[in-house]
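Engineer: Sharing upload_11.csv below, CSV, C-alpha atoms:
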```
chain,number,residue,atom,x,y,z
A,29,MET,CA,73.1,46.9,-6.7
A,30,ARG,CA,73.8,48.1,-10.2
A,31,ARG,CA,71.1,47.8,-12.7
A,32,ALA,CA,72.4,46.9,-16.2
A,33,VAL,CA,70.2,47.3,-19.1
A,34,LEU,CA,71.4,45.2,-22.0
A,35,ALA,CA,70.3,45.9,-25.5
A,36,LEU,CA,71.4,43.6,-28.3
A,37,ILE,CA,70.9,44.4,-31.9
A,38,ALA,CA,70.9,41.0,-33.6
A,39,THR,CA,70.6,40.3,-37.3
A,40,ALA,CA,71.3,36.9,-38.9
A,41,ALA,CA,75.0,37.7,-39.2
A,42,ILE,CA,75.8,40.3,-36.6
A,43,VAL,CA,75.4,40.9,-32.9
A,44,VAL,CA,76.2,44.4,-31.5
A,45,GLY,CA,76.2,44.4,-27.8
A,46,LEU,CA,75.4,47.4,-25.7
A,47,LEU,CA,75.5,47.7,-22.0
A,48,HIS,CA,74.1,50.6,-20.2
A,49,TYR,CA,74.5,51.0,-16.5
A,50,LYS,CA,71.9,52.8,-14.4
A,51,THR,CA,72.7,56.4,-13.5
A,52,THR,CA,70.3,58.6,-11.8
A,53,SER,CA,67.7,58.2,-14.5
A,54,ALA,CA,65.7,55.1,-15.2
A,55,PRO,CA,67.5,52.6,-17.3
A,56,LYS,CA,66.4,52.5,-20.9
A,57,SER,CA,65.0,49.5,-22.7
A,58,LEU,CA,66.1,49.4,-26.3
A,59,ARG,CA,64.1,47.7,-28.9
A,60,ILE,CA,65.9,45.2,-31.0
A,61,ALA,CA,65.1,43.2,-34.1
A,62,LEU,CA,66.1,39.6,-34.3
A,63,GLY,CA,66.6,37.1,-36.9
A,64,SER,CA,65.3,38.4,-40.1
A,65,ALA,CA,68.1,39.0,-42.4
A,66,THR,CA,67.9,40.2,-46.0
A,67,PRO,CA,67.8,37.0,-48.0
A,68,GLY,CA,71.2,36.0,-49.2
A,69,GLY,CA,72.9,37.6,-46.2
A,70,ALA,CA,76.4,36.4,-45.3
A,71,SER,CA,75.6,33.7,-42.8
A,72,GLN,CA,72.2,32.6,-43.9
A,73,PRO,CA,72.4,28.9,-44.9
A,74,SER,CA,68.9,28.8,-46.3
A,75,PRO,CA,68.2,29.4,-49.9
A,76,ALA,CA,67.2,33.0,-50.9
A,77,SER,CA,64.8,32.2,-53.7
A,78,SER,CA,61.2,31.0,-53.0
A,79,ALA,CA,57.8,31.9,-54.1
A,80,THR,CA,56.7,32.2,-50.5
A,81,SER,CA,59.1,35.0,-49.6
A,82,PRO,CA,57.6,38.3,-48.5
A,83,SER,CA,58.0,41.2,-50.9
A,84,GLY,CA,61.5,42.6,-51.0
A,85,PRO,CA,62.8,45.9,-50.0
A,86,SER,CA,61.9,49.1,-51.9
A,87,PRO,CA,64.1,51.8,-50.6
A,88,SER,CA,62.9,55.4,-51.0
A,89,THR,CA,66.4,56.7,-51.3
A,90,GLY,CA,69.7,55.1,-51.8
A,91,PRO,CA,71.6,54.4,-48.5
A,92,SER,CA,74.4,56.7,-47.6
A,93,PRO,CA,76.8,55.0,-45.2
A,94,SER,CA,78.1,57.2,-42.5
A,95,THR,CA,80.9,56.7,-40.0
A,96,ALA,CA,80.8,56.7,-36.2
A,97,VAL,CA,82.3,59.6,-34.4
A,98,ALA,CA,82.5,59.3,-30.6
A,99,GLY,CA,79.8,61.3,-28.9
A,100,GLN,CA,78.2,62.5,-32.1
A,101,THR,CA,74.4,61.8,-32.4
A,102,ARG,CA,73.1,60.9,-35.8
A,103,THR,CA,69.7,59.9,-37.1
A,104,ILE,CA,69.6,57.2,-39.8
A,105,THR,CA,66.4,56.3,-41.6
A,106,GLY,CA,66.0,52.9,-43.1
A,107,PRO,CA,64.3,52.2,-46.4
A,108,VAL,CA,60.6,51.9,-46.7
A,109,GLU,CA,59.7,48.2,-46.7
A,110,GLN,CA,56.4,47.1,-48.2
A,111,ASN,CA,54.4,44.2,-47.0
A,112,GLN,CA,50.9,43.1,-47.7
A,113,PHE,CA,49.5,45.6,-45.3
A,114,GLY,CA,51.5,48.6,-46.3
A,115,PRO,CA,54.7,50.4,-45.7
A,116,VAL,CA,57.1,50.0,-42.8
A,117,GLN,CA,60.0,52.4,-42.1
A,118,VAL,CA,62.3,52.5,-39.2
A,119,GLN,CA,64.6,55.3,-38.0
A,120,ILE,CA,67.4,54.8,-35.5
A,121,THR,CA,69.3,57.4,-33.4
A,122,VAL,CA,73.0,56.6,-33.0
A,123,THR,CA,75.3,58.3,-30.5
A,124,GLY,CA,78.9,57.4,-31.2
A,125,SER,CA,78.6,53.8,-32.1
A,126,HIS,CA,75.6,53.0,-29.9
A,127,ILE,CA,72.0,52.8,-31.0
A,128,THR,CA,70.0,54.8,-28.5
A,129,ALA,CA,66.6,54.9,-30.0
A,130,VAL,CA,64.5,53.0,-32.5
A,131,LYS,CA,61.5,54.6,-34.1
A,132,THR,CA,58.9,53.6,-36.6
A,133,LEU,CA,58.3,56.3,-39.1
A,134,GLN,CA,55.8,54.4,-41.2
A,135,LEU,CA,53.4,51.6,-40.4
A,136,PRO,CA,50.6,50.2,-42.5
A,137,THR,CA,47.4,52.2,-42.1
A,138,ASP,CA,45.3,51.5,-45.1
A,139,ARG,CA,43.3,48.7,-43.7
A,140,ALA,CA,41.3,48.5,-40.5
A,141,ARG,CA,43.2,45.5,-39.2
A,142,SER,CA,46.6,46.9,-39.9
A,143,ALA,CA,45.6,50.3,-38.6
A,144,TYR,CA,44.6,48.5,-35.4
A,145,ILE,CA,48.0,46.8,-35.2
A,146,SER,CA,49.8,50.0,-36.0
A,147,SER,CA,48.0,52.0,-33.4
A,148,VAL,CA,48.4,49.5,-30.6
A,149,ALA,CA,51.7,47.9,-31.4
A,150,GLY,CA,53.5,50.7,-33.2
A,151,PRO,CA,53.9,52.8,-30.1
A,152,LEU,CA,55.3,49.8,-28.2
A,153,LEU,CA,58.2,49.8,-30.6
A,154,THR,CA,59.4,53.2,-29.5
A,155,GLN,CA,61.2,54.3,-26.4
A,156,GLU,CA,58.9,57.2,-25.9
A,157,ALA,CA,55.8,55.1,-25.8
A,158,THR,CA,57.4,52.8,-23.3
A,159,GLN,CA,58.1,55.6,-21.0
A,160,ALA,CA,54.7,57.2,-21.6
A,161,GLN,CA,53.0,55.2,-19.1
A,162,SER,CA,55.9,53.6,-17.5
A,163,ALA,CA,55.1,54.7,-14.0
A,164,ASN,CA,57.6,52.2,-12.5
A,165,ILE,CA,56.8,49.3,-14.8
A,166,ASP,CA,59.5,47.0,-15.9
A,167,SER,CA,58.0,45.8,-19.2
A,168,ILE,CA,54.8,45.6,-21.2
A,169,SER,CA,52.9,42.6,-22.3
A,170,GLY,CA,50.6,43.1,-25.2
A,171,ALA,CA,49.8,42.5,-28.8
A,172,SER,CA,52.9,41.5,-30.6
A,173,TYR,CA,54.2,43.2,-33.6
A,174,THR,CA,56.2,40.7,-35.6
A,175,SER,CA,57.3,42.1,-38.8
A,176,TYR,CA,59.7,41.1,-41.4
A,177,SER,CA,59.5,44.5,-42.9
A,178,PHE,CA,60.3,46.2,-39.6
A,179,ALA,CA,63.5,44.1,-39.2
A,180,GLU,CA,64.6,44.7,-42.8
A,181,SER,CA,64.2,48.4,-42.5
A,182,LEU,CA,66.0,48.3,-39.2
A,183,GLN,CA,68.8,46.2,-40.5
A,184,ALA,CA,69.3,48.5,-43.4
A,185,ALA,CA,69.5,51.5,-41.1
A,186,ILE,CA,72.1,49.7,-38.9
A,187,SER,CA,74.2,49.1,-42.0
A,188,GLN,CA,73.8,52.6,-43.2
A,189,ALA,CA,75.0,53.8,-39.8
A,190,GLY,CA,78.2,51.9,-40.3
A,191,LEU,CA,77.6,49.7,-37.2
A,192,SER,CA,77.9,46.4,-38.9
A,193,SER,CA,81.1,44.7,-37.8
B,48,MET,CA,59.8,37.1,-39.3
B,49,GLY,CA,61.2,40.0,-37.4
B,50,THR,CA,60.6,39.4,-33.7
B,51,VAL,CA,61.6,42.2,-31.4
B,52,PHE,CA,63.3,41.0,-28.1
B,53,THR,CA,64.2,43.3,-25.2
B,54,LEU,CA,66.3,42.1,-22.3
B,55,ASP,CA,66.6,44.0,-19.0
B,56,LEU,CA,68.9,42.5,-16.5
B,57,VAL,CA,69.9,43.4,-13.0
B,58,THR,CA,73.4,42.3,-12.0
B,59,ASP,CA,76.5,43.1,-10.1
B,60,LEU,CA,78.6,41.0,-12.4
B,61,PRO,CA,80.8,42.7,-15.0
B,62,GLU,CA,79.8,42.7,-18.6
B,63,ALA,CA,82.7,40.5,-19.7
B,64,GLU,CA,81.5,37.7,-17.5
B,65,LEU,CA,77.9,37.7,-18.7
B,66,ALA,CA,78.4,38.5,-22.4
B,67,PRO,CA,79.1,34.9,-23.5
B,68,GLY,CA,75.9,33.6,-21.9
B,69,ILE,CA,73.9,36.5,-23.3
B,70,ASP,CA,75.4,35.8,-26.8
B,71,ASP,CA,74.5,32.1,-26.4
B,72,ALA,CA,70.9,33.0,-25.5
B,73,PHE,CA,70.5,35.3,-28.5
B,74,ALA,CA,72.2,32.7,-30.8
B,75,TRP,CA,69.5,30.3,-29.6
B,76,LEU,CA,66.8,32.7,-30.4
B,77,ARG,CA,68.2,33.3,-33.9
B,78,TRP,CA,68.5,29.5,-34.4
B,79,VAL,CA,64.9,29.1,-33.4
B,80,ASP,CA,63.9,31.7,-35.9
B,81,ASP,CA,66.0,30.1,-38.6
B,82,THR,CA,64.4,26.7,-37.8
B,83,PHE,CA,60.8,27.5,-37.1
B,84,SER,CA,60.0,30.6,-39.0
B,85,THR,CA,57.2,30.2,-41.5
B,86,TYR,CA,58.6,33.3,-43.2
B,87,LYS,CA,61.9,31.6,-44.0
B,88,PRO,CA,61.6,29.2,-46.9
B,89,GLY,CA,64.6,27.2,-45.7
B,90,SER,CA,63.4,26.7,-42.2
B,91,GLU,CA,62.6,23.1,-41.1
B,92,ILE,CA,59.0,24.1,-40.5
B,93,SER,CA,58.7,25.5,-44.1
B,94,ARG,CA,60.3,22.4,-45.5
B,95,LEU,CA,57.9,20.2,-43.4
B,96,ARG,CA,55.0,22.2,-44.8
B,97,ARG,CA,56.1,21.6,-48.3
B,98,GLY,CA,56.7,17.9,-47.7
B,99,GLU,CA,60.4,18.1,-48.3
B,100,LEU,CA,61.0,16.7,-44.8
B,101,SER,CA,59.2,14.2,-42.7
B,102,PRO,CA,58.8,14.8,-39.0
B,103,GLU,CA,61.3,12.0,-38.3
B,104,GLN,CA,63.9,13.8,-40.3
B,105,CYS,CA,63.6,17.0,-38.3
B,106,HIS,CA,65.8,18.3,-35.5
B,107,THR,CA,65.1,17.0,-32.0
B,108,GLU,CA,63.9,20.3,-30.9
B,109,VAL,CA,61.4,20.5,-33.8
B,110,ARG,CA,60.1,17.1,-33.0
B,111,GLY,CA,59.8,18.1,-29.3
B,112,VAL,CA,57.8,21.2,-30.3
B,113,LEU,CA,55.4,19.2,-32.5
B,114,ALA,CA,54.9,16.7,-29.7
B,115,ALA,CA,54.1,19.6,-27.3
B,116,CYS,CA,51.7,21.0,-29.8
B,117,ARG,CA,49.8,17.7,-30.0
B,118,GLN,CA,49.7,17.5,-26.2
B,119,LEU,CA,48.4,21.1,-26.0
B,120,THR,CA,45.7,20.2,-28.5
B,121,GLU,CA,44.4,17.6,-26.0
B,122,GLU,CA,44.9,19.9,-23.0
B,123,THR,CA,43.0,22.8,-24.7
B,124,GLU,CA,40.0,20.7,-25.9
B,125,GLY,CA,41.3,21.1,-29.4
B,126,TYR,CA,41.5,24.9,-29.3
B,127,PHE,CA,45.2,25.1,-29.6
B,128,ASP,CA,45.9,23.4,-32.9
B,129,ALA,CA,49.1,24.0,-34.9
B,130,TRP,CA,47.5,22.4,-37.9
B,131,ALA,CA,44.3,24.5,-37.9
B,132,GLY,CA,45.5,27.8,-39.2
B,133,PRO,CA,43.9,29.7,-42.1
B,134,THR,CA,45.8,27.7,-44.7
B,135,ARG,CA,45.7,24.4,-42.7
B,136,ALA,CA,49.5,24.4,-43.0
B,137,LEU,CA,51.5,23.5,-39.9
B,138,ASP,CA,52.1,26.7,-37.8
B,139,PRO,CA,53.4,26.2,-34.3
B,140,SER,CA,53.9,30.0,-33.8
B,141,GLY,CA,51.4,30.1,-30.9
B,142,LEU,CA,53.9,28.1,-28.9
B,143,VAL,CA,57.3,28.7,-30.3
B,144,LYS,CA,57.8,32.3,-29.2
B,145,GLY,CA,57.1,31.7,-25.6
B,146,TRP,CA,58.9,28.4,-25.6
B,147,ALA,CA,62.0,29.9,-27.2
B,148,ALA,CA,62.0,32.8,-24.7
B,149,GLU,CA,61.6,30.5,-21.8
B,150,ARG,CA,64.6,28.5,-22.9
B,151,ALA,CA,66.6,31.6,-23.4
B,152,SER,CA,65.7,32.8,-19.9
B,153,GLY,CA,67.0,29.5,-18.5
B,154,MET,CA,70.2,29.9,-20.4
B,155,LEU,CA,70.6,33.4,-19.1
B,156,SER,CA,70.1,32.3,-15.5
B,157,ALA,CA,72.5,29.4,-15.9
B,158,ALA,CA,75.1,31.9,-17.2
B,159,GLY,CA,74.8,34.0,-14.1
B,160,ALA,CA,72.2,36.5,-15.2
B,161,THR,CA,69.7,35.3,-12.6
B,162,ASP,CA,67.6,38.5,-12.4
B,163,HIS,CA,66.1,39.5,-15.8
B,164,CYS,CA,63.1,40.3,-17.8
B,165,LEU,CA,63.1,39.0,-21.4
B,166,ASN,CA,60.3,40.5,-23.5
B,167,ALA,CA,59.7,38.5,-26.7
B,168,ALA,CA,57.4,40.7,-28.7
B,169,GLY,CA,54.9,41.0,-25.8
B,170,ASP,CA,55.5,37.6,-24.2
B,171,ILE,CA,57.7,38.0,-21.1
B,172,ALA,CA,60.0,35.6,-19.3
B,173,LEU,CA,60.9,36.7,-15.8
B,174,ALA,CA,63.6,35.4,-13.5
B,175,GLY,CA,64.7,36.5,-10.1
B,176,ALA,CA,63.7,40.1,-9.1
B,177,PRO,CA,64.4,43.7,-10.1
B,178,ALA,CA,65.6,44.4,-6.5
B,179,PRO,CA,65.7,42.2,-3.4
B,180,GLY,CA,62.2,41.2,-2.3
B,181,GLN,CA,60.6,43.2,-5.1
B,182,PRO,CA,58.3,41.8,-7.8
B,183,TRP,CA,58.6,42.6,-11.5
B,184,ARG,CA,55.9,45.1,-12.5
B,185,ILE,CA,54.4,44.3,-15.8
B,186,GLY,CA,52.0,46.5,-17.7
B,187,ILE,CA,49.4,44.9,-19.9
B,188,ALA,CA,48.8,46.9,-23.1
B,189,HIS,CA,45.2,47.8,-23.8
B,190,PRO,CA,44.4,46.2,-27.2
B,191,LEU,CA,41.8,48.7,-28.1
B,192,VAL,CA,43.1,52.0,-26.9
B,193,PRO,CA,46.5,53.0,-28.2
B,194,GLN,CA,49.3,53.7,-25.8
B,195,ARG,CA,47.3,52.8,-22.8
B,196,LEU,CA,47.7,50.1,-20.3
B,197,THR,CA,44.7,48.1,-19.0
B,198,THR,CA,46.4,47.1,-15.8
B,199,VAL,CA,49.7,46.6,-14.1
B,200,VAL,CA,50.6,43.3,-12.4
B,201,ALA,CA,53.3,42.4,-9.9
B,202,VAL,CA,54.8,39.0,-10.6
B,203,GLY,CA,57.8,36.9,-9.6
B,204,GLU,CA,59.4,34.3,-11.7
B,205,GLY,CA,57.6,32.8,-14.7
B,206,GLY,CA,55.9,34.0,-17.7
B,207,VAL,CA,53.4,36.7,-18.9
B,208,ALA,CA,51.9,36.0,-22.3
B,209,THR,CA,49.3,38.0,-24.2
B,210,SER,CA,47.5,37.0,-27.3
B,211,GLY,CA,45.0,38.9,-29.4
B,212,THR,CA,42.9,38.6,-32.4
B,213,ALA,CA,44.8,41.2,-34.4
B,214,GLU,CA,48.3,39.9,-34.0
B,215,ARG,CA,50.3,40.2,-37.2
B,216,GLY,CA,47.1,40.8,-39.1
B,217,CYS,CA,46.4,37.1,-39.2
B,218,HIS,CA,43.2,35.4,-38.1
B,219,VAL,CA,43.2,33.1,-35.2
B,220,VAL,CA,41.0,30.3,-36.3
B,221,ASN,CA,38.6,28.4,-34.2
B,222,PRO,CA,39.7,24.9,-35.0
B,223,HIS,CA,36.2,23.5,-34.3
B,224,THR,CA,34.4,25.8,-36.7
B,225,GLY,CA,37.3,26.5,-39.1
B,226,ARG,CA,36.2,30.2,-38.9
B,227,PRO,CA,38.1,33.2,-37.6
B,228,ALA,CA,37.8,33.5,-33.8
B,229,VAL,CA,35.9,36.6,-32.8
B,230,GLY,CA,34.7,37.9,-29.5
B,231,LEU,CA,38.0,38.5,-27.6
B,232,ALA,CA,40.4,41.4,-28.1
B,233,SER,CA,43.1,40.0,-25.9
B,234,VAL,CA,43.9,37.3,-23.4
B,235,THR,CA,46.8,37.5,-20.8
B,236,VAL,CA,47.9,34.4,-19.0
B,237,ILE,CA,50.4,34.4,-16.2
B,238,GLY,CA,52.1,31.4,-14.6
B,239,PRO,CA,55.3,29.4,-14.1
B,240,SER,CA,56.0,28.5,-17.7
B,241,LEU,CA,55.9,31.2,-20.5
B,242,ALA,CA,55.7,28.4,-23.1
B,243,ALA,CA,52.5,27.1,-21.5
B,244,ALA,CA,51.1,30.6,-20.9
B,245,ASP,CA,51.7,31.5,-24.6
B,246,ALA,CA,49.9,28.4,-25.8
B,247,TYR,CA,47.0,28.8,-23.3
B,248,ALA,CA,46.5,32.4,-24.3
B,249,THR,CA,46.5,31.4,-28.0
B,250,ALA,CA,43.9,28.7,-27.3
B,251,ALA,CA,41.8,31.1,-25.3
B,252,VAL,CA,41.6,33.5,-28.1
B,253,ALA,CA,40.4,30.7,-30.4
B,254,MET,CA,37.7,29.8,-27.8
B,255,GLY,CA,36.3,33.3,-28.0
B,256,THR,CA,33.8,34.3,-25.3
B,257,ASP,CA,33.7,30.8,-23.9
B,258,ALA,CA,37.4,31.1,-22.8
B,259,PRO,CA,36.8,32.1,-19.2
B,260,VAL,CA,35.3,28.8,-18.3
B,261,TRP,CA,38.3,26.9,-19.5
B,262,LEU,CA,40.8,29.4,-18.2
B,263,SER,CA,39.3,29.0,-14.7
B,264,SER,CA,40.2,25.4,-14.8
B,265,LEU,CA,43.9,26.0,-15.2
B,266,ASP,CA,46.0,25.1,-12.2
B,267,GLY,CA,48.7,27.6,-11.3
B,268,TYR,CA,47.8,30.0,-14.1
B,269,GLU,CA,45.9,33.3,-13.7
B,270,SER,CA,44.4,35.1,-16.6
B,271,PHE,CA,42.7,38.2,-17.8
B,272,VAL,CA,40.4,38.6,-20.8
B,273,LEU,CA,39.3,41.7,-22.6
B,274,ASP,CA,36.5,41.1,-25.1
B,275,ALA,CA,35.9,43.0,-28.3
B,276,ALA,CA,33.3,45.2,-26.6
B,277,GLY,CA,35.7,46.2,-23.9
B,278,HIS,CA,34.4,44.0,-21.1
B,279,LEU,CA,37.0,42.5,-18.6
B,280,TRP,CA,37.0,39.1,-17.0
B,281,ARG,CA,39.6,38.0,-14.5
B,282,SER,CA,40.5,34.5,-13.1
B,283,ALA,CA,40.0,34.1,-9.3
B,284,GLY,CA,43.6,34.9,-8.4
B,285,PHE,CA,44.3,37.6,-10.9
B,286,ALA,CA,43.1,40.5,-8.8
B,287,ALA,CA,45.7,39.6,-6.2
B,288,LEU,CA,48.4,40.2,-8.8
B,289,GLN,CA,47.2,43.6,-9.8
B,290,VAL,CA,48.8,46.8,-8.5
B,291,ALA,CA,47.1,49.3,-10.8
```
Mind converting the file's structure to structure tokens?
Structural biologist:
Amino acid sequence: MRRAVLALIATAAIVVGLLHYKTTSAPKSLRIALGSATPGGASQPSPASSATSPSGPSPSTGPSPSTAVAGQTRTITGPVEQNQFGPVQVQITVTGSHITAVKTLQLPTDRARSAYISSVAGPLLTQEATQAQSANIDSISGASYTSYSFAESLQAAISQAGLSS
Amino acid sequence: MGTVFTLDLVTDLPEAELAPGIDDAFAWLRWVDDTFSTYKPGSEISRLRRGELSPEQCHTEVRGVLAACRQLTEETEGYFDAWAGPTRALDPSGLVKGWAAERASGMLSAAGATDHCLNAAGDIALAGAPAPGQPWRIGIAHPLVPQRLTTVVAVGEGGVATSGTAERGCHVVNPHTGRPAVGLASVTVIGPSLAAADAYATAAVAMGTDAPVWLSSLDGYESFVLDAAGHLWRSAGFAALQVA
């Protein structure tokens, strides 16, 4: 029986579907971010303006869109997103037109509580951490890390990678 | 809110046959986020909170979730309370994630992806098996020691939900005292419905160190508690699920 690992990168407007079939190595689980688009994104029906919105993006450098070349591996870093606990920054690795890794470069560390979340949940967001104690496990249940900032930085990285379509 | 979903599926079917069902399941999850997210000012929940909508004007699914929340408040002796958060504003998040993932899991199975593991930011919906006769092996993250697992369980179909006091940096409030719940680092609940497991785990965190008594009364659900001092408690049938 083939094992297919399906990873979907979903933003409010875009779904990029990837299907990896098992070879001799363990199938990879890719982390995806769902649902949190930049306010005002193409298919968002809800109004963008509101006093209750989280703080907007503050990119450290301007995005530089790149184009996909089959087989080429690129690393794209998303902007630093600020939330009430601190900075969040996501980096993706792209091979050809497939996202093969998602990594958090920055997570809030300046408060005890957010440092706790970062230290526990941050590693769960990376492929390396999943494999670090994977010992034949299929998945991990644990403290959730739900972050608007994470998804914004990720979505920006996806756009920079030229994967939006 | 940016919720991270991971789907592992085991199948002999070609991608083309499964892709529409998978797309539908993820469209559902996006719809749930658009409708229920307290981070989205245009969501029905946000509009309800601001009084721009009455419950009767809300979508059927929203009304269903609110009714389930009220039922859960009774079932959990008041400890699951979608109206008892830090700001007293309606927040059904303790149920919505598990509920949405459970529904998505049903959609995937109906579409032919009958063997899958859908991880919704730490709450997991399981269907079928990773290989014939094999259980899913689920690691439970240690809430206090980074990158470690407390234990590994072998489970069949159903849900594995974990709640903790440090999720999202928000307090879990004890609805009876109005104060932040302390005492427990994390609670894991395993059983046939991920939605129920999610709500029960949330309620248990609010109960604090009294949670084991109530958790023991749950029929068909096993649970595992780690308190803030690092002590473990397991329900009667939990040890039988553990493989490591």
Engineer: Just the number, please: distance in Å from CA of Ser169 in chain A to CA of Leu196 in chain B, one decimal.
Structural biologist: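 Pair CA of Ser169 in chain A / CA of Leu196 in chain B returns 9.3 Å.
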Engineer: Considering all atoms listed in the file, return as a list in words whatever protein or nucleic-acid residues lie within 12 Å of Leu288 in chain B, sequence-local ones (same chain, fewer than 5 positions apart) excluded.
Structural biologist: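 Close residues of Leu288 in chain B: Pro182, Trp183, Arg184, Ile185, Gly186, Thr198, Val199, Val200, Ala201, Val202, Gly203, Val207, Val236, Ile237, Gly238, Tyr268, Glu269, Ser270, Phe271, Arg281, Ser282 and Ala283 of chain B.
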Engineer: Kindly give the distance, in Å, that separates CA of Val143 in chain B and CA of Trp280 in chain B, rounded to a single decimal.
Structural biologist: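 For CA of Val143 in chain B relative to CA of Trp280 in chain B, the distance reads 26.4 Å.
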Engineer: Show me, as a list in words, the residues that have an atom within 8 Å of Ala160 in chain B when counting only C-alpha atoms, minus same-chain residues fewer than 5 positions from it.
Structural biologist: Leu56, Val57, Thr58, Leu65 and Leu155 of chain B
Engineer: Hey, can you spit out that residue selection with C-alpha atoms as a PDB file, in the frame of the given file?
Structural biologist:
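As written to disk, again.pdb reads:
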```pdb
ATOM      1  CA  LEU B  56      68.900  42.500 -16.500  1.00  0.00           C
ATOM      2  CA  VAL B  57      69.900  43.400 -13.000  1.00  0.00           C
ATOM      3  CA  THR B  58      73.400  42.300 -12.000  1.00  0.00           C
ATOM      4  CA  LEU B  65      77.900  37.700 -18.700  1.00  0.00           C
ATOM      5  CA  LEU B 155      70.600  33.400 -19.100  1.00  0.00           C
TER       6      LEU B 155
END
```
Engineer: Take CA of Gly205 in chain B and CA of Leu113 in chain B and report the distance between them in Å, one decimal.
Structural biologist: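 Between CA of Gly205 in chain B and CA of Leu113 in chain B the gap is 22.5 Å.
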Engineer: Between A:Ile168, A:Val116, A:Val122, A:Val108, which is the closest to chain B once you count all atoms listed in the file?
Structural biologist: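 Closest to chain B of all the choices is A:Ile168.
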Engineer: Just checking: using all atoms listed in the file, which residue out of B:Asn166, B:Gln104, B:Gln289, B:Thr209 ends up closest to Glu149 in chain B?
Structural biologist: B:Asn166
Engineer: Which is closest to Ser140 in chain B among B:Asp128, B:Glu108, B:Asp59, B:Asp70, if we use all atoms listed in the file?
Structural biologist: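 Checking each of B:Asp128, B:Glu108, B:Asp59, B:Asp70 against Ser140 in chain B, counting all atoms listed in the file, the winner is B:Asp128.
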Engineer: Identify which of the residues B:Pro179, B:Gly255, B:Gly225, B:Gly159 lies closest to chain A, counting only C-alpha atoms when measuring atom-to-atom distances.
Structural biologist: B:Pro179
Engineer: My list of candidates is B:Thr134, B:Thr197, B:Ser233, B:Thr107. Which is closest to Val252 in chain B when distances are computed with all atoms listed in the file?
Structural biologist: B:Ser233
Engineer: Which of these residues is nearest to chain A, using all atoms listed in the file: B:Asp245, B:Asp257, B:Asp55, B:Glu64?
Structural biologist: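 Ranking B:Asp245, B:Asp257, B:Asp55, B:Glu64 by distance to chain A, first place goes to B:Asp55.
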Engineer: If we count all atoms listed in the file, what is near Thr105 in chain A at a cut-off of 7 Å, once residues fewer than 5 positions away on the same chain are taken out, given as a ChimeraX atom specification?
Structural biologist: /A:118-120,185
